[in-house]
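These notes concern the structure reproduced below.
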Amino acid sequence: MSGTKGTGGRRITIVDVARHAGVSTASASKVLRNAYGASQSMRDKVQASIETLGYRPYAPARGMRGRTFTIGVVLSDLDNPFFSLIIEGLSRAVRSRSYELFISPSGYEGSPQQMGIEAMIDHQVDGLVLVAPLVTPAHLEVIATQIPLLVIGNHSRSQVFDSVAADDHRGAQLAVDHLVTLQHRRIAYVMRAGDLSDETRPESRRLTGFKHAMQKHGLSSDSMVLFASWNLEGGREAARHVDSLASPPTAVFAGADVVALGMINDLWDRGLSVPRTYSLVGYDNSRSASLGPISLTSVDQSGVRMGERAGELLIERIEGRNRASHETFEPRMVKRNSTAAPAQLIKYELTPATKL
């Protein structure tokens with residue numbers, strides 16, 4: 001956007017306003033759009049610069065903008081193999097309609113994710129996909145007033161944005177039922193640390209499903225919840241935590257495949273393995289789970305189709321649909337070699353003669 005002419009006839013731009021106010025261009029844009037997250041101090045500085053420079057948005061340029069045929073995707077990182085399934089599905093849906101994806105891996109904290117969201121809006125993408133975002137339900141409502149929005153993994157029933165998610169409560173029950181069928185009793189769930197009161201989040205739904213399933217089987221006193229980041233390092237930390245327990249579980253339900261992969265890696269580093277050390281169930285059925293040396297039992301939540309449907313719904317909203325749509329995918333258990341009966345779980349170490 002640009003405004004009135006300055007010295008030498010050059011039109012004053014938002015860049016000039018930001019430089020004069022001593023803030024970033026993105027921050028100045030945020031104030032102009034009256035977007036969420038701009039402090040009163042920032043608003044005062046930018047407004048003062050606007051008045052000093054005589055800046056006015058250039059209405060003809062704004063009207064000429066039109067559709068950019070781009071969609072922004074904000075997710076925590078690119079290490080999580082489940083996200084690649086989401087992106088694959090999204091790409092299938094949007095490229096068939098001549099859209100392109102802009103992807104922002106914005107970390108595991110709310111503030112960096114908010115910066116990623118604001119950057120996408122400032123780059124004038126036509127719609128926004130947030131994958132399991134670490135922002136509050138109220139904040140999602142605000143974002144949806146600024147741009148067509150779809151959230152993946154969120155269990156909200158908002159009337160202003162769309163969502164797709166798996167039935168995470170049912171998925172956790174499937175994991176516990178499978179392990180109980182194998183005669184496990186001491187079962188742990190690896191929960192992502194965060195706001196446990198936000199029941200719209202996938203990890204909270206999985207925790208509730210885990211607790212209900214353990215209660216159903218009369219195993220509430222044998223259940224345990226471990227907290228870790230849902231990334232590879234979080235998985236390694238979870239494995240070390242399990243190893244330090246006086247009465248370790250005979251089975252672990254990792255809340256995401258990326259956590260399970262980190263746990264397997266830590267066990268390998270110490271000459272251990274699953275299911276000998278403990279049975280391990282993941283969640284996502286990422287492609288890595290099916291690799292022969294890993295062979296991870298996992299809950300499949302149809303990641304590619306979930307991403308594809310997300311793209312379809314978002315384009316519908318961009319093109320004028322106003323009524324909210326919330327779709328839930330039915331999970332299924334995919335059994336592989338990382339789970340077995342407790343009788344087979346004998347903790348062992350490789351002898352020096354067999355170490356590579």
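Quick note on naming: the chains in the structure tokens go A, B, ... in the order shown, residues restart at 1 in each chain, and ligands are numbered from 1 in order of appearance.
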Considering only C-alpha atoms, give me a table of residues in range 180-207 of chain A that are at most 12 Å from range 315-335 of chain A, with the closest atom pair and distance in Å for each, as CSV.
```
residue,atom,partner,partner_atom,distance
A:Leu182,CA,A:Lys335,CA,11.7
A:Pro202,CA,A:Thr328,CA,11.8
A:Arg206,CA,A:Pro331,CA,11.9
```
Worksheet item: Could you pull the residues within 10 Å of Tyr108 in chain A, counting only C-alpha atoms, minus those fewer than 5 positions along the same chain, as a list in words?
Response: Leu75, Ser76, Asp77, Gln113, Pro133, Leu134, Ser229, Trp230 and Asn231 of chain A
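Atom pair CA of Gly194 in chain A / CA of Thr339 in chain A has a distance of 28.0 Å (rounded to one decimal).
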Skipping near chain neighbours, those fewer than 3 positions away, what residues fall within 8 Å of range 175-180 of chain A using only C-alpha atoms, listed as a PDB file with C-alpha atoms, in the first residue's frame?
```pdb
ATOM      1  CA  GLY A 171      -7.915 -43.160  18.210  1.00  0.00           C
ATOM      2  CA  ALA A 172      -6.484 -43.262  21.724  1.00  0.00           C
ATOM      3  CA  GLN A 183      -2.270 -58.401  28.034  1.00  0.00           C
ATOM      4  CA  HIS A 184      -0.505 -55.167  28.971  1.00  0.00           C
ATOM      5  CA  ARG A 185      -1.606 -53.442  32.153  1.00  0.00           C
ATOM      6  CA  ILE A 187       0.551 -48.392  30.014  1.00  0.00           C
ATOM      7  CA  PHE A 210      -6.568 -42.818  26.897  1.00  0.00           C
ATOM      8  CA  ALA A 213     -10.056 -46.614  27.820  1.00  0.00           C
ATOM      9  CA  MET A 214      -7.861 -47.427  30.806  1.00  0.00           C
ATOM     10  CA  HIS A 217     -10.472 -51.942  31.328  1.00  0.00           C
ATOM     11  CA  ALA A 251       3.744 -50.470  26.894  1.00  0.00           C
ATOM     12  CA  PHE A 253       1.280 -44.980  23.637  1.00  0.00           C
ATOM     13  CA  VAL A 281       2.239 -47.506  19.646  1.00  0.00           C
ATOM     14  CA  SER A 298       0.328 -46.777  14.759  1.00  0.00           C
ATOM     15  CA  VAL A 299      -3.116 -45.189  14.653  1.00  0.00           C
ATOM     16  CA  MET A 333      -5.252 -49.239  14.049  1.00  0.00           C
ATOM     17  CA  THR A 339       3.922 -54.316  19.907  1.00  0.00           C
TER      18      THR A 339
END
```
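If only C-alpha atoms are the atoms counted, then among A:Ala310, A:Met42, A:Val225, A:Ala340 the closest residue to Ser91 in chain A is A:Ala310.
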Worksheet item: Using the chain letters and numbers from this document, which residues of range 154-256 of chain A does DSSP assign to helix (DSSP H, G or I), as number ranges by chain?
Response: A: 168-181, 202-216, 220-222, 232-244
Discussion item. Neighbouring residues of Gln124 in chain A were defined as those with any atom within 10 Å, considering only C-alpha atoms; residues of the same chain fewer than 4 positions away were excluded. Please report them as a ChimeraX atom specification.
Written reply: /A:65-72,118-120,147
Discussion item. Please return, as a ChimeraX atom specification, all residues of range 62-112 of chain A that DSSP assigns to strand (DSSP E) on the basis of the backbone.
Written reply: /A:70-75,100-105
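Our summary of the geometry notes that CA of Ser338 in chain A is positioned 16.2 Å from CA of Val242 in chain A.
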Worksheet item: If you count only C-alpha atoms, which residues fall within 7 Å of Gly311 in chain A, apart from same-chain ones fewer than 4 positions away, as a ChimeraX atom specification?
Response: /A:90,93-94,307,315
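Summary of the local environment: counting only C-alpha atoms, residues at most 12 Å from Thr136 in chain A, other than itself and those fewer than 4 positions away along its chain, are Glu109, Gly110, Ser111, Gln113, Gln114, Ala132, Leu140, Glu141, Val142, Ile143, Asn154, Ser156, Gly194, Asp195, Ser197, Asp198, Glu199, Thr200 and Arg201 of chain A.
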Write the residues you've just listed into a file as an mmCIF file, in the first residue's frame, and include N, CA, C and O atoms for each of them.
```cif
data_model
loop_
_atom_site.group_PDB
_atom_site.id
_atom_site.type_symbol
_atom_site.label_atom_id
_atom_site.label_comp_id
_atom_site.auth_asym_id
_atom_site.auth_seq_id
_atom_site.Cartn_x
_atom_site.Cartn_y
_atom_site.Cartn_z
ATOM 1 N N GLU A 109 6.018 -22.453 19.947
ATOM 2 C CA GLU A 109 5.512 -21.463 20.886
ATOM 3 C C GLU A 109 4.461 -20.606 20.189
ATOM 4 O O GLU A 109 4.499 -20.416 18.962
ATOM 5 N N GLY A 110 3.540 -20.068 20.995
ATOM 6 C CA GLY A 110 2.461 -19.282 20.429
ATOM 7 C C GLY A 110 2.923 -18.028 19.714
ATOM 8 O O GLY A 110 2.413 -17.688 18.649
ATOM 9 N N SER A 111 3.906 -17.320 20.275
ATOM 10 C CA SER A 111 4.332 -16.046 19.687
ATOM 11 C C SER A 111 4.960 -16.216 18.308
ATOM 12 O O SER A 111 4.583 -15.494 17.368
ATOM 13 N N GLN A 113 4.446 -18.611 16.213
ATOM 14 C CA GLN A 113 3.377 -19.016 15.308
ATOM 15 C C GLN A 113 2.522 -17.821 14.923
ATOM 16 O O GLN A 113 2.104 -17.694 13.772
ATOM 17 N N GLN A 114 2.268 -16.927 15.882
ATOM 18 C CA GLN A 114 1.504 -15.724 15.560
ATOM 19 C C GLN A 114 2.249 -14.870 14.542
ATOM 20 O O GLN A 114 1.640 -14.302 13.626
ATOM 21 N N ALA A 132 -2.613 -27.854 13.704
ATOM 22 C CA ALA A 132 -2.524 -27.980 15.169
ATOM 23 C C ALA A 132 -1.883 -26.737 15.788
ATOM 24 O O ALA A 132 -0.871 -26.820 16.479
ATOM 25 N N LEU A 140 -8.196 -17.773 17.324
ATOM 26 C CA LEU A 140 -8.577 -18.319 16.022
ATOM 27 C C LEU A 140 -9.789 -17.580 15.462
ATOM 28 O O LEU A 140 -9.870 -17.323 14.253
ATOM 29 N N GLU A 141 -10.720 -17.245 16.339
ATOM 30 C CA GLU A 141 -11.896 -16.503 15.901
ATOM 31 C C GLU A 141 -11.496 -15.147 15.328
ATOM 32 O O GLU A 141 -12.058 -14.693 14.326
ATOM 33 N N VAL A 142 -10.518 -14.495 15.967
ATOM 34 C CA VAL A 142 -10.055 -13.194 15.485
ATOM 35 C C VAL A 142 -9.393 -13.338 14.121
ATOM 36 O O VAL A 142 -9.645 -12.555 13.198
ATOM 37 N N ILE A 143 -8.527 -14.329 13.974
ATOM 38 C CA ILE A 143 -7.831 -14.548 12.696
ATOM 39 C C ILE A 143 -8.840 -14.766 11.579
ATOM 40 O O ILE A 143 -8.680 -14.264 10.456
ATOM 41 N N ASN A 154 -7.920 -29.344 14.947
ATOM 42 C CA ASN A 154 -8.695 -28.621 15.948
ATOM 43 C C ASN A 154 -10.118 -29.173 16.022
ATOM 44 O O ASN A 154 -10.715 -29.484 15.000
ATOM 45 N N SER A 156 -12.771 -27.576 17.367
ATOM 46 C CA SER A 156 -13.718 -26.490 17.595
ATOM 47 C C SER A 156 -14.967 -26.685 16.732
ATOM 48 O O SER A 156 -14.936 -27.385 15.718
ATOM 49 N N GLY A 194 1.288 -28.588 27.615
ATOM 50 C CA GLY A 194 0.526 -27.444 27.148
ATOM 51 C C GLY A 194 -0.684 -27.214 28.018
ATOM 52 O O GLY A 194 -0.768 -27.691 29.153
ATOM 53 N N ASP A 195 -1.641 -26.491 27.472
ATOM 54 C CA ASP A 195 -2.849 -26.134 28.210
ATOM 55 C C ASP A 195 -3.823 -27.310 28.186
ATOM 56 O O ASP A 195 -4.496 -27.562 27.189
ATOM 57 N N SER A 197 -6.553 -27.565 29.650
ATOM 58 C CA SER A 197 -7.949 -27.147 29.715
ATOM 59 C C SER A 197 -8.551 -26.907 28.334
ATOM 60 O O SER A 197 -9.772 -26.806 28.198
ATOM 61 N N ASP A 198 -7.715 -26.800 27.307
ATOM 62 C CA ASP A 198 -8.208 -26.539 25.955
ATOM 63 C C ASP A 198 -8.589 -27.858 25.301
ATOM 64 O O ASP A 198 -7.750 -28.549 24.718
ATOM 65 N N GLU A 199 -9.857 -28.210 25.385
ATOM 66 C CA GLU A 199 -10.319 -29.495 24.888
ATOM 67 C C GLU A 199 -10.468 -29.537 23.374
ATOM 68 O O GLU A 199 -10.820 -30.576 22.819
ATOM 69 N N THR A 200 -10.198 -28.419 22.703
ATOM 70 C CA THR A 200 -10.246 -28.436 21.243
ATOM 71 C C THR A 200 -8.960 -28.989 20.643
ATOM 72 O O THR A 200 -8.915 -29.310 19.461
ATOM 73 N N ARG A 201 -7.909 -29.129 21.460
ATOM 74 C CA ARG A 201 -6.613 -29.562 20.945
ATOM 75 C C ARG A 201 -6.563 -31.089 20.800
ATOM 76 O O ARG A 201 -7.139 -31.830 21.614
#
```
